[in-house]
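Enquirer: Mind having a look at this structure? Questions to follow.
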Amino acid sequence: MQKFLDDLLSRMTLEEKFGQLNLLAVGFDITGPILNNQVDEKIRAGRVGAIIGAYTVSAVRPLQEFAVRQSRLGIPLLFACDVVHGQRTIFPIPLGLSASWNPELVRRTARAAADEATAEGLNWTYSPMVDISREPRWGRVMEGAGEDPHLGALIAAAMVSGYQQDDLSKPDSLLACVKHFALYGAPEGGRDYNTVDMSRLRMFNEYLAPYAAAVSAGAGSVMTAFNEVEGVPATANRWLLRELLRQRWGFGGFVVTDYGTLPEIITHGAAADRDEATVSALAAGTDMDMASEFFITDGARLVKEGRLAAADVDAACRRVLTAKYQLGLFQNPFKNLDRDTAPLRVLTPDKLQLAREAAVKSMVLLRNERRTLPLTAGQKILFTGPLVARQRDLIGAWSAGGDWQRAVSLRAALEQKFGDTGSGITFAQGCNLIDDPAYFAKLEKSCLLEKSAQAPAALRAAAARAAADADVVVAVLGEAFKMSGEACCRADIGLPPQQRELLKALKLTGKPLVLVLMNGRPLTLEWEAANVDAILEAWFPGTQGGPALVDVLFGDAAPTGKLTMSFPRHVGQIPVYYNHKNGNRPYQENGWFTSRYQDVPNDPLFPFGHGLTYTDFTLGAPTLDKTAIVSGSGDALTVSVPVTNTGSRDGTETVQLYIRDMAASVTRPVKELKDFRQVFVRAGETLTVVFTISEEMLKFYNADLRYLAEPGEFQVLTGSDSARLQCATFRLVQ
Ligand code: BGC
């Protein structure tokens, strides 16, 4: 490969080299890309290295032909899209997928997405999004795996492996792009595009692990974040891109900017003009420019003026060409474009089945008083709420080529299962998704929102009347899909007011009340948790959301998901996350001079790791086979946790293991997830889960950013969620 690339590079003009660093955005509609002649011309002139926004063989093939047959050197293009949770078959949003606590399942969804995406001519996806976040106000938490670095790292690696299969040359392998490097999930106030600032200690111990895991899983590209890191925009941050990513982590792929982050270096106030922005980005280690065309316009001149190093341009160009080589595009630029295999590969029964399985496994049963769930066929059930029948929201934001009209609503799935006669199932709209006129106006178009001709009070009254005839009421409420995603931040993360009004009206009927939620972030649900009998969090569940919900609601499948982000009681608590520090005066309910609010407790409403199922589990205390590990000896100890299914149904429990380092050279969190195990236990039976603790699991970054374990006392905490834990102690000794 190196010989091939040396030869190619030696034949390229400076302009052609910058061409490889240029990513052009093209619009796209169903019949093909909306191209202007300029795009064709630029491709022919060797001024384009990659395209975002075109897919399907008929759209991609002509563009690749321009590049390969009509440009001077015939270098093939990369074709990118945000295939984030599926290409045509849409899986639950990533936050939902993470709630499965099942990296292998997540890998399978990424694999299926890659198969569909490559069938449609794509070879590069802007996924996985691995930004750790403790900010439920931030709309982009829907795209990530939640608040925990350990689980986040496992999922990041699983997705990379699903996309790339350790071999990019396979026809159905998709080049992954880890984003957004780095720390994009920590914007001040939870507001998108806002300032990020944190200590290196926090970065290394709490935020960077998933990026590093994706890199060591072989991710071929990395996308810079919109935000600044230590006062320097990520796209121009030499420490981030050269020292951390390339030198420390050994990343050998290429770095692409996020959309327009090159000009935004100027907006940030870190460059005076476009020349400075271009120079700072390339010098910092950014290789490819998404959308601004600064590189292509000014790059060659800046090299000639001596402001940009030709060697940096060569190195960037080589990295992009390497990815193309690894994808096999030089051998066959029309890989996947010779024949349209999409009809055989997209939305196939096996992929739809996987979407249904993934949706089932992502659902989290937050509450279930008096075993209100599962429902029983034959009961008189009222389904109410705007999300019972809506399809558009099911596939959520970032749904690539997903066609919402292929998404099966809950109502359609119920009708399919029970027919429309004699089933005892009735429907009432109950409320609009959003009533507030200003909010409605913001989302109306993109979310295809409608308002009923009936007044809100009349809608509610009709639902309450229908509820009076039912044995149980299921309200399906939450967010319109564009209430989360990029630039979709909220200061109030409760249910929209009229949705809560509906619940209040239903509550007055005295009927058992189930709340099914579809949403893209943790919500504040204090009233709901105190007043409804059962709450099932379904996220935006994807193409097969309706059938999956029917499976879970009627008990054909049991919910097994666990939260990967804490659900606060109140917005004022944010950030609220499980792996916090102890502080000097930890919370005591009645301790005046302790760290607390006067009006709200410190703990979240639903903690990280929480999730019920249709049976009950009792976990015994952890027992250790020894009480010390000898440092440096490869020594390990085992932790045994008995898990008893005390209910009457077989079921699955996710047993979680956390560790606390009691005293160290820098303070350590009160607990950190280190391992977990999903076990199936038959009703009435007990199974023992055995974990191994090695010195590796005790390591952290010290004040010098050295990764090490320090001798001393540790707690091992095991249980069903991050708040209900039992403890044993051991020591790391010299
Ligand atoms: C987002 C990225 C995305 C890119 C291309 C940006 O606005 O931040 O996550 O990959 O657009 O669509």
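Convention: chains lettered A, B, ... in structure tokens order; per-chain residue numbering from 1; ligands numbered from 1 as shown.
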Compile the contact shell of Val476 (chain A) as a ChimeraX atom specification: residues with an atom at most 12 Å away, counting only C-alpha atoms, same-chain residues fewer than 3 positions apart removed.

Expert: /A:382-390,394,409-411,427-433,473,479-480,495,499-500,502-503,513-519,534-540,546,549,553

Enquirer: Restricting the output to N, CA and C atoms, write the selected residues as a CSV table (one decimal), in the first residue's frame.

Expert:
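Result saved to selection-v2.csv:
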```
chain,number,residue,atom,x,y,z
A,382,LEU,N,-58.1,0.9,27.5
A,382,LEU,CA,-58.1,2.2,26.7
A,382,LEU,C,-56.7,2.6,26.4
A,383,PHE,N,-56.4,2.8,25.1
A,383,PHE,CA,-55.1,3.4,24.8
A,383,PHE,C,-55.3,4.8,24.4
A,384,THR,N,-54.6,5.7,25.1
A,384,THR,CA,-54.8,7.1,24.8
A,384,THR,C,-53.5,7.9,24.7
A,385,GLY,N,-53.6,9.1,24.2
A,385,GLY,CA,-52.3,9.9,24.0
A,385,GLY,C,-51.9,9.9,22.6
A,386,PRO,N,-51.3,11.0,22.2
A,386,PRO,CA,-51.0,11.3,20.7
A,386,PRO,C,-50.0,10.3,20.2
A,387,LEU,N,-49.2,9.7,21.0
A,387,LEU,CA,-48.2,8.8,20.4
A,387,LEU,C,-48.6,7.4,20.2
A,388,VAL,N,-49.9,7.1,20.5
A,388,VAL,CA,-50.4,5.8,20.2
A,388,VAL,C,-50.4,5.5,18.7
A,389,ALA,N,-50.8,6.5,17.9
A,389,ALA,CA,-50.9,6.3,16.5
A,389,ALA,C,-49.9,7.0,15.6
A,390,ARG,N,-49.1,7.9,16.2
A,390,ARG,CA,-48.1,8.6,15.4
A,390,ARG,C,-47.0,7.7,14.9
A,394,LEU,N,-41.6,7.7,15.9
A,394,LEU,CA,-41.1,6.4,16.2
A,394,LEU,C,-39.6,6.3,15.9
A,409,SER,N,-46.8,1.8,14.0
A,409,SER,CA,-47.3,2.5,15.2
A,409,SER,C,-47.8,1.5,16.2
A,410,LEU,N,-48.0,1.9,17.4
A,410,LEU,CA,-48.6,1.0,18.4
A,410,LEU,C,-50.0,0.6,18.0
A,411,ARG,N,-50.7,1.6,17.5
A,411,ARG,CA,-52.1,1.4,17.2
A,411,ARG,C,-52.2,0.3,16.0
A,427,PHE,N,-59.7,3.3,21.8
A,427,PHE,CA,-58.7,4.4,21.6
A,427,PHE,C,-59.3,5.7,21.8
A,428,ALA,N,-58.5,6.7,22.3
A,428,ALA,CA,-59.0,8.1,22.4
A,428,ALA,C,-57.7,8.9,22.4
A,429,GLN,N,-57.8,10.0,21.6
A,429,GLN,CA,-56.6,10.8,21.5
A,429,GLN,C,-56.1,11.4,22.8
A,430,GLY,N,-57.0,12.0,23.6
A,430,GLY,CA,-56.6,12.4,24.9
A,430,GLY,C,-56.0,13.8,24.9
A,431,CYS,N,-55.0,14.1,24.1
A,431,CYS,CA,-54.4,15.4,24.0
A,431,CYS,C,-53.6,15.5,22.8
A,432,ASN,N,-53.2,16.7,22.5
A,432,ASN,CA,-52.2,17.0,21.4
A,432,ASN,C,-50.8,16.7,22.0
A,433,LEU,N,-49.9,16.5,21.1
A,433,LEU,CA,-48.5,16.3,21.5
A,433,LEU,C,-48.0,17.5,22.1
A,473,VAL,N,-56.0,1.7,31.8
A,473,VAL,CA,-55.7,2.8,30.8
A,473,VAL,C,-54.2,2.8,30.5
A,479,GLU,N,-42.2,13.0,23.9
A,479,GLU,CA,-41.8,14.1,23.1
A,479,GLU,C,-42.1,13.9,21.7
A,480,ALA,N,-42.2,15.0,20.9
A,480,ALA,CA,-42.1,14.9,19.5
A,480,ALA,C,-40.7,14.6,19.2
A,495,LEU,N,-42.9,16.4,30.9
A,495,LEU,CA,-43.9,16.2,29.9
A,495,LEU,C,-44.5,17.6,29.6
A,499,GLN,N,-50.1,17.2,28.4
A,499,GLN,CA,-50.0,15.8,28.6
A,499,GLN,C,-50.2,15.4,30.0
A,500,ARG,N,-49.6,16.2,30.9
A,500,ARG,CA,-49.7,15.9,32.3
A,500,ARG,C,-51.2,16.1,32.8
A,502,LEU,N,-53.7,15.5,31.0
A,502,LEU,CA,-54.4,14.3,30.6
A,502,LEU,C,-54.3,13.2,31.7
A,503,LEU,N,-53.0,13.1,32.1
A,503,LEU,CA,-52.8,12.0,33.1
A,503,LEU,C,-53.6,12.3,34.4
A,513,LEU,N,-53.5,2.9,35.9
A,513,LEU,CA,-53.0,3.8,34.8
A,513,LEU,C,-51.5,3.4,34.5
A,514,VAL,N,-51.3,3.2,33.2
A,514,VAL,CA,-50.0,2.9,32.7
A,514,VAL,C,-49.5,4.0,31.8
A,515,LEU,N,-48.3,4.5,32.0
A,515,LEU,CA,-47.7,5.5,31.2
A,515,LEU,C,-46.6,4.9,30.3
A,516,VAL,N,-46.8,4.9,29.0
A,516,VAL,CA,-45.7,4.5,28.1
A,516,VAL,C,-45.1,5.8,27.6
A,517,LEU,N,-43.8,5.8,27.6
A,517,LEU,CA,-43.1,7.1,27.2
A,517,LEU,C,-42.3,6.8,26.0
A,518,MET,N,-42.4,7.8,25.1
A,518,MET,CA,-41.4,7.9,23.9
A,518,MET,C,-40.7,9.2,24.0
A,519,ASN,N,-39.4,9.2,24.1
A,519,ASN,CA,-38.7,10.4,24.3
A,519,ASN,C,-37.2,10.1,24.0
A,534,ALA,N,-47.8,2.3,36.5
A,534,ALA,CA,-46.7,1.7,35.8
A,534,ALA,C,-46.1,2.7,34.8
A,535,ILE,N,-44.8,2.7,34.7
A,535,ILE,CA,-44.2,3.5,33.7
A,535,ILE,C,-43.2,2.7,32.8
A,536,LEU,N,-43.4,2.7,31.5
A,536,LEU,CA,-42.5,1.9,30.6
A,536,LEU,C,-41.9,2.9,29.7
A,537,GLU,N,-40.5,3.0,29.8
A,537,GLU,CA,-39.8,3.9,28.9
A,537,GLU,C,-39.5,3.2,27.6
A,538,ALA,N,-40.0,3.7,26.5
A,538,ALA,CA,-39.8,3.0,25.2
A,538,ALA,C,-38.8,3.8,24.3
A,539,TRP,N,-38.4,4.9,24.7
A,539,TRP,CA,-37.5,5.8,23.9
A,539,TRP,C,-38.2,6.0,22.6
A,540,PHE,N,-37.5,6.4,21.5
A,540,PHE,CA,-38.0,6.4,20.2
A,540,PHE,C,-37.6,5.0,19.7
A,546,GLY,N,-44.0,-0.3,17.3
A,546,GLY,CA,-45.3,-0.7,17.7
A,546,GLY,C,-45.4,-2.2,18.1
A,549,LEU,N,-43.6,-2.9,21.3
A,549,LEU,CA,-44.4,-2.4,22.5
A,549,LEU,C,-45.5,-3.4,22.8
A,553,LEU,N,-45.9,-5.0,26.4
A,553,LEU,CA,-47.1,-4.6,27.2
A,553,LEU,C,-47.9,-5.8,27.5
```

Enquirer: What residues have any atom no more than 7 Å from ligand 1 when counting only C-alpha atoms and all ligand atoms, and can you list them as a PDB file with N, CA, C and O atoms, in the first residue's frame?

Expert:
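Output file selection-v3.pdb is given in full below:
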```pdb
ATOM      1  N   CYS A  81     -22.778   9.396   5.198  1.00  0.00           N
ATOM      2  CA  CYS A  81     -24.062   9.835   5.728  1.00  0.00           C
ATOM      3  C   CYS A  81     -24.070   9.562   7.227  1.00  0.00           C
ATOM      4  O   CYS A  81     -23.246   8.795   7.723  1.00  0.00           O
ATOM      5  N   ASP A  82     -25.012  10.194   7.914  1.00  0.00           N
ATOM      6  CA  ASP A  82     -25.157   9.922   9.347  1.00  0.00           C
ATOM      7  C   ASP A  82     -26.031   8.694   9.547  1.00  0.00           C
ATOM      8  O   ASP A  82     -27.223   8.791   9.813  1.00  0.00           O
ATOM      9  N   TYR A 126     -21.064   8.562   9.943  1.00  0.00           N
ATOM     10  CA  TYR A 126     -20.701   9.432  11.062  1.00  0.00           C
ATOM     11  C   TYR A 126     -21.274   8.867  12.353  1.00  0.00           C
ATOM     12  O   TYR A 126     -22.214   9.396  12.933  1.00  0.00           O
ATOM     13  N   LYS A 179     -17.314  10.264  17.020  1.00  0.00           N
ATOM     14  CA  LYS A 179     -17.577  11.687  17.213  1.00  0.00           C
ATOM     15  C   LYS A 179     -18.170  11.924  18.579  1.00  0.00           C
ATOM     16  O   LYS A 179     -18.655  10.976  19.190  1.00  0.00           O
ATOM     17  N   HIS A 180     -18.121  13.136  19.085  1.00  0.00           N
ATOM     18  CA  HIS A 180     -17.481  14.331  18.518  1.00  0.00           C
ATOM     19  C   HIS A 180     -16.318  14.614  19.428  1.00  0.00           C
ATOM     20  O   HIS A 180     -16.540  14.867  20.624  1.00  0.00           O
ATOM     21  N   ASP A 258     -16.323  18.689  12.091  1.00  0.00           N
ATOM     22  CA  ASP A 258     -17.780  18.625  12.045  1.00  0.00           C
ATOM     23  C   ASP A 258     -18.244  19.707  11.062  1.00  0.00           C
ATOM     24  O   ASP A 258     -17.460  20.528  10.595  1.00  0.00           O
ATOM     25  N   TYR A 259     -19.535  19.693  10.788  1.00  0.00           N
ATOM     26  CA  TYR A 259     -20.103  20.546   9.748  1.00  0.00           C
ATOM     27  C   TYR A 259     -19.800  22.025  10.031  1.00  0.00           C
ATOM     28  O   TYR A 259     -20.324  22.602  10.982  1.00  0.00           O
ATOM     29  N   GLU A 486     -29.820  17.204  17.569  1.00  0.00           N
ATOM     30  CA  GLU A 486     -28.964  18.391  17.492  1.00  0.00           C
ATOM     31  C   GLU A 486     -29.796  19.666  17.576  1.00  0.00           C
ATOM     32  O   GLU A 486     -30.850  19.775  16.951  1.00  0.00           O
TER      33      GLU A 486
END
```

Enquirer: So which one's closest to Gln165 (chain A), A:Ala342, A:Ala234, A:Ala112, A:Val641? Using only C-alpha atoms, please.

Expert: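 Comparing A:Ala342, A:Ala234, A:Ala112, A:Val641 against Gln165 (chain A), the winner is A:Ala112.
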
Enquirer: Identify which of the residues A:Thr594, A:Ser133, A:Ser161, A:Thr613 lies closest to Met203 (chain A), counting only C-alpha atoms when measuring atom-to-atom distances.

Expert: A:Ser133

Enquirer: Please compute the CA of Phe4 (chain A)-CA of Lys324 (chain A) distance, one decimal, in Å.

Expert: 12.1 Å
